[in-house]
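Comments concern the structure below.
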Amino acid sequence: MAKVDILLGLQWGDEGKGKVVDFLTPKYDIIARFQGGPNAGHTLEFDGKKHVLHQIPSGIFHPGKMNVIGNGVVLDPVTFSREIDGLKPYKLDLHNSLIISGKAQLIIPTHRLLDQAYEKAKGESKIGSTLRGIGPTYQDKMARVGIRAADINEPDFESRYNELKKRHCEILDHYDFDYSLDEWENDFFAALEVLRGFKIMNTEYYLNNSLKEGKSILAEGAQGSLLDIDFGSYPFVTSSNTISAGACTGLGISPKSIGEVFGIFKAYCTRVGSGPFPTELHGQEGEELRQKGREFGATTGRPRRCGWLDIPALNYAVMLNGVTQLFMMKADVLSGLDELSMGTSYIRSETETFEFPVNFTSEWKVKYEVFKGWENTSFKTYDDFPESFRTYIQYIEETIGVPINLVSVGPDRKDTLLKS
Ligand code: IMP
């Protein structure tokens with residue numbers, strides 16, 4: 001039987017997963033999203049053009065591949081329909097290359113409003129949510145009151161929608177939050193028509209039957225392991241399991257069917273939104289990295305916080321996911337520095353640890369290792385890497401114990417170097 005390989009982010013999201021999925025897609029028959037929703041922004045650049053996908057799997061640009069939105073995803077019909085519109089110029093056969101799980105939870109307009117009301121009420125302690133309604137939708141899923149994609153074709157859909165909306169409006173009444181729903185609802189109902197044009201089905205059967213037929217599947221993770229609801233820097237996390245285990249529940253495949261786990265990380269770290277960031281660089285250094293790496297959110301445009309690579313955090317993510325191969329992104333952004341640092345352990349009250357703390361508070365300090373920089377990354381193969389860059393890579397491989405098989409040195413498909 002064929003296997004499901006998983007590709008996921010090992011940091012706080014924005015590791016460059018879109019580019020890698022796009023690069024790997026030719027090897028797979030099916031690309032499947034298993035969690036998250038329009039909070040994701042997977043950027044693909046090819047032929048000098050840039051395209052950001054939020055809910056549609058990144059295999060969509062490759063003709064002949066099937067793309068699956070799995071049951072673990074929360075789907076916003078409005079964003080979905082806008083994405084479909086945005087893909088029109090590419091003349092893709094979308095209706096035959098994209099299927100949707102009937103069990104994917106729907107984000108309705110009031111989920112977004114609730115997200116905004118909750119964040120506003122949190123004030124200083126806000127999570128920094130993308131405000132796409134992710135948390136409230138997963139909340140309703142767990143509370144067993146949500147609406148699923150298959151429900152849009154049921155005769156009682158409208159009454160179920162109204163019931164959920166009423167429930168949400170009653171909650172909103174308790175918040176100091178003004179809103180008007182009319183325009184959102186018009187967009188929502190128009191978008192449902194677009195969604196109805198797609199195959200909504202039991203994708204778990206499709207995926208398992210495809211495996212039996214020998215078809216290969218790539219599961220495309222969204223966000224990052226340090227945003228995982230269980231293992232991330234709680235409560236500053238997203239509301240889904242972003243780690244590899246989430247692919248089983250989010251697609252309906254067995255753990256036995258998992259093959260490779262590709263862990264994507266940036267040569268440094270970034271984070272959008274609030275929450276602990278042990279190796280964060282404040283001031284000029286952080287600003288320089290942000291400008292050079294064009295570190296602004298693909299979904300919200302927010303500036304990303306930037307910092308050095310964090311080895312204990314990376315090690316933690318590798319362990320949780322069972323990563324078999326590492327892919328390092330944006331190595332070019334670090335070029336031109338005389339020296340650079342890497343966080344190698346955490347210290348509190350003179351006790352050193354290599355574990356990611358339950359709560360990373362200001363009492364914790366980071367111990368750093370300093371590395372010599374490299375001038376540029378305009379090399380064409382893995383073997384051309386300058387000595388200092390090689391040392392940086394080898395240090396990571398040796399401390400983490402997993403090979404770095406791909407290094408990305410630029411946004412385009414062609415700026416991707418593979419270990420031979
Ligand atoms: P939510 O998922 O929109 O509720 O946001 C929760 C936290 O996860 C916030 O700090 C967001 O900035 C962060 N987040 C959510 N999705 C992404 C993503 O795709 N990339 C990076 N950060 C994300």
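Each chain in the structure tokens gets a letter, A, B and so on, in the order shown; residues start at 1 in every chain, and ligands are counted from 1 in the order they appear.
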Can you tell me which residues sit at most 7 Å away from ligand 1, counting only C-alpha atoms and all ligand atoms, written as a PDB file with C-alpha atoms, in the first residue's frame?
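Heads up, here's the output in pocket-v5.pdb:
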ATOM      1  CA  TRP A  12       5.389  29.334  14.505  1.00  0.00           C
ATOM      2  CA  GLY A  13       4.149  29.090  10.923  1.00  0.00           C
ATOM      3  CA  ASP A  14       5.317  30.962   7.822  1.00  0.00           C
ATOM      4  CA  ASN A  39      -5.664  31.715   8.858  1.00  0.00           C
ATOM      5  CA  ALA A  40      -3.030  30.058   6.649  1.00  0.00           C
ATOM      6  CA  GLY A  41      -1.309  31.846   3.789  1.00  0.00           C
ATOM      7  CA  ILE A 127      -3.605  36.165  21.172  1.00  0.00           C
ATOM      8  CA  GLY A 128      -3.056  38.139  18.006  1.00  0.00           C
ATOM      9  CA  SER A 129      -5.505  35.935  16.117  1.00  0.00           C
ATOM     10  CA  THR A 130      -5.826  36.342  12.360  1.00  0.00           C
ATOM     11  CA  LEU A 131      -9.526  37.099  13.122  1.00  0.00           C
ATOM     12  CA  ARG A 132     -10.674  34.602  10.509  1.00  0.00           C
ATOM     13  CA  GLY A 133     -13.055  32.833  12.906  1.00  0.00           C
ATOM     14  CA  ILE A 134     -10.796  29.830  13.451  1.00  0.00           C
ATOM     15  CA  GLY A 135     -11.045  29.545  17.254  1.00  0.00           C
ATOM     16  CA  ALA A 222      -0.723  24.694   8.025  1.00  0.00           C
ATOM     17  CA  GLN A 223       0.590  27.022  10.756  1.00  0.00           C
ATOM     18  CA  LEU A 227       1.196  26.853  17.409  1.00  0.00           C
ATOM     19  CA  PHE A 236      -0.859  31.803  22.214  1.00  0.00           C
ATOM     20  CA  VAL A 237      -1.611  29.046  19.733  1.00  0.00           C
ATOM     21  CA  THR A 238      -4.107  28.198  17.040  1.00  0.00           C
ATOM     22  CA  SER A 239      -7.065  25.899  17.750  1.00  0.00           C
ATOM     23  CA  ARG A 271       6.350  34.707  14.777  1.00  0.00           C
ATOM     24  CA  VAL A 272       3.189  36.753  14.132  1.00  0.00           C
ATOM     25  CA  GLY A 273       0.844  37.536  16.961  1.00  0.00           C
ATOM     26  CA  SER A 274       1.548  37.477  20.671  1.00  0.00           C
TER      27      SER A 274
END
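Near Glu363 in chain A, within a cut-off of 8 Å and counting only C-alpha atoms, sit the residues Arg348, Ser349 and Phe360 of chain A, with same-chain residues fewer than 3 positions away left out.
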Review point. Quick one: DSSP strand (DSSP E) residues in range 12-75 of chain A, as a VMD selection string?
Key: chain A and resid 30 to 33 42 to 46 49 to 53 66 to 69 74 to 75
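Proximity ranking of A:His51, A:Lys215, A:His174, A:Lys372 relative to Asp29 in chain A places A:Lys215 first, based on only C-alpha atoms.
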Practice item. Tell me which of A:Gln116, A:Ser335, A:Ser81, A:Ser180 sits closest to Glu193 in chain A, counting only C-alpha atoms. Key: A:Ser81
Counting only C-alpha atoms, which residues of range 146-196 of chain A sit at most 9 Å from some atom of range 99-115 of chain A, and what is each one's closest atom pair with its distance in Å to one decimal, listed by chain and rising residue number, as a tab-separated table?
residue	atom	partner	partner_atom	distance
A:Gly146	CA	A:Gln105	CA	6.6
A:Ile147	CA	A:Leu106	CA	5.7
A:Arg148	CA	A:Gln105	CA	4.3
A:Ala149	CA	A:Gly102	CA	4.8
A:Ala150	CA	A:Gly102	CA	4.1
A:Asp151	CA	A:Gly102	CA	7.6
A:Tyr161	CA	A:Ile108	CA	8.2
A:Leu164	CA	A:Thr110	CA	8.7
A:Lys165	CA	A:Thr110	CA	6.3
A:His168	CA	A:Thr110	CA	6.2
A:Cys169	CA	A:Thr110	CA	7.4
A:Ile171	CA	A:Leu114	CA	8.1
A:Leu172	CA	A:Leu114	CA	6.6
A:Phe177	CA	A:Leu113	CA	8.9
A:Tyr179	CA	A:Leu113	CA	7.7
A:Leu181	CA	A:Pro109	CA	7.5
A:Trp184	CA	A:Pro109	CA	6.0
A:Glu185	CA	A:Pro109	CA	6.5
A:Phe188	CA	A:Pro109	CA	7.1
Output the selection as an mmCIF file, in the first residue's frame - N, CA, C and O atoms for each residue.
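Printed below is result23.cif as written:
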data_model
loop_
_atom_site.group_PDB
_atom_site.id
_atom_site.type_symbol
_atom_site.label_atom_id
_atom_site.label_comp_id
_atom_site.auth_asym_id
_atom_site.auth_seq_id
_atom_site.Cartn_x
_atom_site.Cartn_y
_atom_site.Cartn_z
ATOM 1 N N GLY A 146 -21.575 22.649 15.605
ATOM 2 C CA GLY A 146 -21.120 23.241 14.348
ATOM 3 C C GLY A 146 -21.907 22.780 13.123
ATOM 4 O O GLY A 146 -22.692 21.824 13.188
ATOM 5 N N ILE A 147 -21.657 23.453 12.006
ATOM 6 C CA ILE A 147 -22.274 23.071 10.721
ATOM 7 C C ILE A 147 -21.152 22.559 9.830
ATOM 8 O O ILE A 147 -20.063 23.154 9.789
ATOM 9 N N ARG A 148 -21.396 21.472 9.126
ATOM 10 C CA ARG A 148 -20.342 20.887 8.293
ATOM 11 C C ARG A 148 -20.635 21.117 6.805
ATOM 12 O O ARG A 148 -21.781 21.351 6.415
ATOM 13 N N ALA A 149 -19.586 20.982 6.015
ATOM 14 C CA ALA A 149 -19.727 21.297 4.583
ATOM 15 C C ALA A 149 -20.884 20.534 3.935
ATOM 16 O O ALA A 149 -21.643 21.101 3.142
ATOM 17 N N ALA A 150 -21.067 19.262 4.296
ATOM 18 C CA ALA A 150 -22.127 18.463 3.660
ATOM 19 C C ALA A 150 -23.511 19.028 3.966
ATOM 20 O O ALA A 150 -24.455 18.843 3.192
ATOM 21 N N ASP A 151 -23.621 19.742 5.094
ATOM 22 C CA ASP A 151 -24.936 20.257 5.503
ATOM 23 C C ASP A 151 -25.490 21.298 4.535
ATOM 24 O O ASP A 151 -26.699 21.544 4.527
ATOM 25 N N TYR A 161 -28.436 26.965 10.125
ATOM 26 C CA TYR A 161 -27.605 28.171 10.089
ATOM 27 C C TYR A 161 -28.180 29.230 11.042
ATOM 28 O O TYR A 161 -27.464 29.817 11.854
ATOM 29 N N LEU A 164 -27.589 28.464 14.723
ATOM 30 C CA LEU A 164 -26.215 28.716 15.169
ATOM 31 C C LEU A 164 -25.951 30.218 15.245
ATOM 32 O O LEU A 164 -25.336 30.712 16.192
ATOM 33 N N LYS A 165 -26.466 30.928 14.241
ATOM 34 C CA LYS A 165 -26.282 32.385 14.226
ATOM 35 C C LYS A 165 -26.921 33.024 15.475
ATOM 36 O O LYS A 165 -26.325 33.875 16.123
ATOM 37 N N HIS A 168 -24.824 32.551 18.423
ATOM 38 C CA HIS A 168 -23.667 33.455 18.392
ATOM 39 C C HIS A 168 -24.071 34.885 18.755
ATOM 40 O O HIS A 168 -23.365 35.567 19.486
ATOM 41 N N CYS A 169 -25.213 35.334 18.230
ATOM 42 C CA CYS A 169 -25.638 36.716 18.494
ATOM 43 C C CYS A 169 -25.927 36.903 19.975
ATOM 44 O O CYS A 169 -25.667 37.971 20.541
ATOM 45 N N ILE A 171 -24.363 35.458 22.354
ATOM 46 C CA ILE A 171 -23.046 35.626 23.013
ATOM 47 C C ILE A 171 -22.525 37.034 22.741
ATOM 48 O O ILE A 171 -22.058 37.726 23.640
ATOM 49 N N LEU A 172 -22.652 37.464 21.474
ATOM 50 C CA LEU A 172 -22.127 38.790 21.097
ATOM 51 C C LEU A 172 -22.785 39.912 21.909
ATOM 52 O O LEU A 172 -22.155 40.926 22.196
ATOM 53 N N PHE A 177 -19.315 45.340 21.576
ATOM 54 C CA PHE A 177 -18.870 45.104 20.212
ATOM 55 C C PHE A 177 -20.000 45.421 19.236
ATOM 56 O O PHE A 177 -21.068 44.806 19.291
ATOM 57 N N TYR A 179 -21.645 45.582 15.502
ATOM 58 C CA TYR A 179 -21.460 44.885 14.228
ATOM 59 C C TYR A 179 -22.704 45.008 13.360
ATOM 60 O O TYR A 179 -23.797 45.268 13.855
ATOM 61 N N LEU A 181 -24.373 42.627 10.239
ATOM 62 C CA LEU A 181 -24.165 41.315 9.608
ATOM 63 C C LEU A 181 -24.554 41.252 8.138
ATOM 64 O O LEU A 181 -24.122 40.345 7.423
ATOM 65 N N TRP A 184 -21.950 40.749 5.306
ATOM 66 C CA TRP A 184 -21.247 39.474 5.504
ATOM 67 C C TRP A 184 -22.134 38.308 5.074
ATOM 68 O O TRP A 184 -21.676 37.352 4.443
ATOM 69 N N GLU A 185 -23.415 38.419 5.461
ATOM 70 C CA GLU A 185 -24.324 37.309 5.132
ATOM 71 C C GLU A 185 -24.579 37.226 3.633
ATOM 72 O O GLU A 185 -24.655 36.126 3.078
ATOM 73 N N PHE A 188 -21.752 35.526 2.223
ATOM 74 C CA PHE A 188 -21.726 34.123 2.644
ATOM 75 C C PHE A 188 -22.669 33.281 1.782
ATOM 76 O O PHE A 188 -22.284 32.241 1.249
#
Practice item. Measuring atom to atom with only C-alpha atoms, identify which of A:Val78, A:Ile404, A:Leu7, A:Ile393 is nearest to Ser225 in chain A. Key: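 The closest residue to Ser225 in chain A is A:Leu7.
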Exercise for review: Go through A:Gly263, A:Pro276, A:Pro255, A:Pro38 and flag the residue nearest Asn359 in chain A, using only C-alpha atoms for the distances.
Suggested key: A:Pro276
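Across the structure, CA of Lys91 in chain A and CA of Lys27 in chain A are spaced 22.2 Å apart.
Checking A:Arg294, A:Arg160, A:His54, A:His95 one by one against Met66 in chain A, counting only C-alpha atoms, you find the shortest gap at A:His95.
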**Study point:** Coordinates-based distance that separates CA of Lys120 in chain A from CA of Arg144 in chain A (Å, one decimal)
**Key:**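 These two atoms are separated by 25.5 Å.
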Practice item. Could you jot down the CA of Ser257 in chain A to CA of Gly322 in chain A separation for me, Å, one decimal place? Key: 13.7 Å
